[in-house]
Every structure is written in C-alpha cells, then in structure tokens.
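Read the structure below first, then the notes.
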Amino acid sequence: MIYVSVFAVVGVLLASFVKNIKAEFATLIIIFVSSVIMTYIISEISDYFDTVNRIIEQTQVNRSYINILLKITGIAYLAEFSADLCKDAGYGSVANQIQIFGKVTILIIGLPIIEAVFNLMGELM
C-alpha cells in the first residue's frame with residue numbers, strides 16, 4: 001500500500017509540474033500512473049479469489065451467483081476507473097456516459113440474482 005501511495009503522489013506531482021509546460025503530457029502521465037496502479041490491483045486480487053472459492057466450497061452457494069457478483073464488482077471498478085480518467089482529461093460528458101453504461105450493464109448482468117430473489121419471496125409467501 002505504501003508503494004502505491006508514494007507512486008501515486010510522485011505521479012501527481014510530476015503531472016502537476018509538467019502541466020505548466022505541456023498539458024497533454026500531464027494527462028499521459030496520469031493515465032500511465034493510473035494504469036500501473038490498476039495493474040497492481042489486478043495482480044493482488046488473486047488472494048481474494050482464493051477466499052471466495054473457499055467460501056463457496058464451505059457454504060455450497062450457487063457458483064453462478066458468485067460469478068455474477070464478481071462480474072458486477074469488476075464492472076463497477078472498471079467504469080469508475082475509466083470515468084475518472086475521462087474527468088481528469090477534461091471530458092466530463094464522456095465520463096457520465098461511461099458511468100451510465102456501467103450502471104445499465106450491472107443491472108442487466110444482475111437480473112438472474114434479482115429473479116432468484118423474487119422467486120424465493122414467492123416461495124415464502
């Protein structure tokens with residue numbers, strides 16, 4: 001965590017310095033720093049998947065529901081990451097469209113879980 005924080009602060013300071021000289025390079029620096037941090041996060045996430053698999057085995061939860069939840073989590077993070085990059089580059093309207101697209105995609109992917117919840121409620125009544 002410390003390395004990521006230091007890397008991010010150094011990247012932001014460098015981008016701030018370069019922004020006065022050439023604004024396009026500052027945007028590229030921020031995109032590079034953000035991409036390196038995202039790559040690091042993805043490499044660290046394997047422990048999370050091991051824990052999820054252990055929970056699935058212990059609780060006998062339907063694996064397809066867990067896969068849907070993992071996809072939803074990934075879409076949420078990716079949409080937020082992309083939207084933030086667009087906002088930093090000065091394209092707020094594109095960022096808003098990415099956020100809307102992410103929300104709609106999450107809704108569509110989550111429909112099987114919503115259906116299962118309604119079926120369970122129907123069985124309980």
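By order in the structure tokens, chains are A, B, ...; within a chain, residues start at 1; ligands start at 1, following the order shown.
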
| field | Contacts of A:Pro112 within 12 Å, only C-alpha atoms, excl. fewer than 6 positions in-chain, as a PyMOL selection string | value | chain A and resi 62+64-69+106+118-119

If you keep all heavy atoms, can you produce a file of those selected residues as a PDB file, in the first residue's frame?
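Now in out04.pdb:
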ATOM      1  N   ASN A  62     -24.559 -21.292  -4.839  1.00  0.00           N
ATOM      2  CA  ASN A  62     -24.536 -21.486  -6.277  1.00  0.00           C
ATOM      3  C   ASN A  62     -23.414 -20.641  -6.889  1.00  0.00           C
ATOM      4  O   ASN A  62     -23.406 -19.420  -6.759  1.00  0.00           O
ATOM      5  CB  ASN A  62     -25.889 -21.091  -6.882  1.00  0.00           C
ATOM      6  CG  ASN A  62     -26.006 -21.469  -8.327  1.00  0.00           C
ATOM      7  OD1 ASN A  62     -25.034 -21.780  -9.001  1.00  0.00           O
ATOM      8  ND2 ASN A  62     -27.239 -21.445  -8.809  1.00  0.00           N
ATOM      9  N   SER A  64     -22.768 -19.770  -9.868  1.00  0.00           N
ATOM     10  CA  SER A  64     -23.145 -18.793 -10.897  1.00  0.00           C
ATOM     11  C   SER A  64     -23.506 -17.444 -10.275  1.00  0.00           C
ATOM     12  O   SER A  64     -23.221 -16.390 -10.856  1.00  0.00           O
ATOM     13  CB  SER A  64     -24.293 -19.310 -11.754  1.00  0.00           C
ATOM     14  OG  SER A  64     -25.455 -19.469 -10.975  1.00  0.00           O
ATOM     15  N   TYR A  65     -24.122 -17.461  -9.098  1.00  0.00           N
ATOM     16  CA  TYR A  65     -24.451 -16.201  -8.422  1.00  0.00           C
ATOM     17  C   TYR A  65     -23.184 -15.475  -7.979  1.00  0.00           C
ATOM     18  O   TYR A  65     -23.089 -14.250  -8.076  1.00  0.00           O
ATOM     19  CB  TYR A  65     -25.363 -16.435  -7.232  1.00  0.00           C
ATOM     20  CG  TYR A  65     -26.724 -16.967  -7.611  1.00  0.00           C
ATOM     21  CD1 TYR A  65     -27.355 -17.921  -6.837  1.00  0.00           C
ATOM     22  CD2 TYR A  65     -27.373 -16.512  -8.747  1.00  0.00           C
ATOM     23  CE1 TYR A  65     -28.613 -18.412  -7.182  1.00  0.00           C
ATOM     24  CE2 TYR A  65     -28.621 -16.999  -9.107  1.00  0.00           C
ATOM     25  CZ  TYR A  65     -29.232 -17.941  -8.320  1.00  0.00           C
ATOM     26  OH  TYR A  65     -30.463 -18.421  -8.673  1.00  0.00           O
ATOM     27  N   ILE A  66     -22.216 -16.217  -7.493  1.00  0.00           N
ATOM     28  CA  ILE A  66     -20.948 -15.611  -7.074  1.00  0.00           C
ATOM     29  C   ILE A  66     -20.228 -15.034  -8.289  1.00  0.00           C
ATOM     30  O   ILE A  66     -19.673 -13.926  -8.225  1.00  0.00           O
ATOM     31  CB  ILE A  66     -20.056 -16.643  -6.350  1.00  0.00           C
ATOM     32  CG1 ILE A  66     -20.750 -17.173  -5.092  1.00  0.00           C
ATOM     33  CG2 ILE A  66     -18.697 -16.041  -6.018  1.00  0.00           C
ATOM     34  CD1 ILE A  66     -21.051 -16.120  -4.053  1.00  0.00           C
ATOM     35  N   ASN A  67     -20.251 -15.757  -9.403  1.00  0.00           N
ATOM     36  CA  ASN A  67     -19.624 -15.245 -10.625  1.00  0.00           C
ATOM     37  C   ASN A  67     -20.276 -13.943 -11.075  1.00  0.00           C
ATOM     38  O   ASN A  67     -19.594 -13.021 -11.519  1.00  0.00           O
ATOM     39  CB  ASN A  67     -19.695 -16.282 -11.747  1.00  0.00           C
ATOM     40  CG  ASN A  67     -18.754 -17.434 -11.515  1.00  0.00           C
ATOM     41  OD1 ASN A  67     -17.777 -17.310 -10.778  1.00  0.00           O
ATOM     42  ND2 ASN A  67     -19.031 -18.561 -12.130  1.00  0.00           N
ATOM     43  N   ILE A  68     -21.592 -13.873 -10.959  1.00  0.00           N
ATOM     44  CA  ILE A  68     -22.301 -12.649 -11.329  1.00  0.00           C
ATOM     45  C   ILE A  68     -21.875 -11.498 -10.413  1.00  0.00           C
ATOM     46  O   ILE A  68     -21.610 -10.388 -10.881  1.00  0.00           O
ATOM     47  CB  ILE A  68     -23.829 -12.861 -11.276  1.00  0.00           C
ATOM     48  CG1 ILE A  68     -24.267 -13.786 -12.408  1.00  0.00           C
ATOM     49  CG2 ILE A  68     -24.570 -11.529 -11.352  1.00  0.00           C
ATOM     50  CD1 ILE A  68     -25.710 -14.235 -12.318  1.00  0.00           C
ATOM     51  N   LEU A  69     -21.791 -11.761  -9.126  1.00  0.00           N
ATOM     52  CA  LEU A  69     -21.371 -10.710  -8.188  1.00  0.00           C
ATOM     53  C   LEU A  69     -19.944 -10.250  -8.470  1.00  0.00           C
ATOM     54  O   LEU A  69     -19.640  -9.049  -8.371  1.00  0.00           O
ATOM     55  CB  LEU A  69     -21.502 -11.206  -6.751  1.00  0.00           C
ATOM     56  CG  LEU A  69     -22.929 -11.405  -6.251  1.00  0.00           C
ATOM     57  CD1 LEU A  69     -22.932 -12.019  -4.854  1.00  0.00           C
ATOM     58  CD2 LEU A  69     -23.670 -10.083  -6.247  1.00  0.00           C
ATOM     59  N   ILE A 106     -24.509  -3.378 -15.175  1.00  0.00           N
ATOM     60  CA  ILE A 106     -24.649  -4.052 -13.879  1.00  0.00           C
ATOM     61  C   ILE A 106     -26.087  -4.514 -13.682  1.00  0.00           C
ATOM     62  O   ILE A 106     -26.330  -5.631 -13.218  1.00  0.00           O
ATOM     63  CB  ILE A 106     -24.189  -3.121 -12.737  1.00  0.00           C
ATOM     64  CG1 ILE A 106     -22.668  -2.987 -12.754  1.00  0.00           C
ATOM     65  CG2 ILE A 106     -24.673  -3.619 -11.381  1.00  0.00           C
ATOM     66  CD1 ILE A 106     -22.122  -1.931 -11.832  1.00  0.00           C
ATOM     67  N   PHE A 118     -36.791 -12.764  -6.239  1.00  0.00           N
ATOM     68  CA  PHE A 118     -38.262 -12.713  -6.380  1.00  0.00           C
ATOM     69  C   PHE A 118     -38.877 -14.121  -6.307  1.00  0.00           C
ATOM     70  O   PHE A 118     -39.939 -14.309  -5.716  1.00  0.00           O
ATOM     71  CB  PHE A 118     -38.676 -12.016  -7.678  1.00  0.00           C
ATOM     72  CG  PHE A 118     -38.617 -10.528  -7.587  1.00  0.00           C
ATOM     73  CD1 PHE A 118     -37.836  -9.805  -8.478  1.00  0.00           C
ATOM     74  CD2 PHE A 118     -39.327  -9.831  -6.618  1.00  0.00           C
ATOM     75  CE1 PHE A 118     -37.788  -8.419  -8.402  1.00  0.00           C
ATOM     76  CE2 PHE A 118     -39.272  -8.454  -6.528  1.00  0.00           C
ATOM     77  CZ  PHE A 118     -38.494  -7.738  -7.433  1.00  0.00           C
ATOM     78  N   ASN A 119     -38.205 -15.105  -6.893  1.00  0.00           N
ATOM     79  CA  ASN A 119     -38.698 -16.483  -6.808  1.00  0.00           C
ATOM     80  C   ASN A 119     -38.699 -16.970  -5.363  1.00  0.00           C
ATOM     81  O   ASN A 119     -39.633 -17.637  -4.924  1.00  0.00           O
ATOM     82  CB  ASN A 119     -37.864 -17.409  -7.679  1.00  0.00           C
ATOM     83  CG  ASN A 119     -38.108 -17.221  -9.152  1.00  0.00           C
ATOM     84  OD1 ASN A 119     -39.147 -16.699  -9.543  1.00  0.00           O
ATOM     85  ND2 ASN A 119     -37.152 -17.610  -9.969  1.00  0.00           N
TER      86      ASN A 119
END

| field | Spatial neighbours of A:Gly102, max dist 8 Å, only C-alpha atoms, sep filter under 4 positions, as a list in words | value | Ile75, Ala76, Ala79, Ile98 and Ile106 of chain A

| query | Given the choices A:Tyr77, A:Leu70, A:Ala95, A:Gln58, which gets closest to A:Ile41 if the distance is worked out from only C-alpha atoms? | reply |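 With only C-alpha atoms as the atom set, the closest residue is A:Tyr77.
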
| message | To one decimal place in Å, what is the distance between atom CA of A:Phe81 and atom CA of A:Ser35? | response |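 If I compute the distance from atom CA of A:Phe81 to atom CA of A:Ser35, I get 9.3 Å.
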
| Shell around stretch 7-13 of chain A at 7 Å using only C-alpha atoms, local window under 3 positions removed, as an MDAnalysis selection string | chainID A and resid 3:4 16:17 29:30 33

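Minimum atom-to-atom distance to A:Asn96, evaluated using only C-alpha atoms, belongs to A:Glu80 out of A:Glu80, A:Val18, A:Lys71, A:Ile109.
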
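For the pair atom CA of A:Ser34 and atom CA of A:Lys22, the interatomic distance is 19.1 Å.
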
| said: Between atom CA of A:Leu107 and atom CA of A:Val52, what is the distance in Å, rounded to a tenth? | reply: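 One can read the atom CA of A:Leu107 to atom CA of A:Val52 distance as 22.2 Å.
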
| field | Residue nearest A:Ser82 - candidates A:Val104, A:Leu124, A:Met38, A:Ile21, atoms counted: only C-alpha atoms | value |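 Once distances to A:Ser82 are computed over only C-alpha atoms, the minimum belongs to A:Met38.
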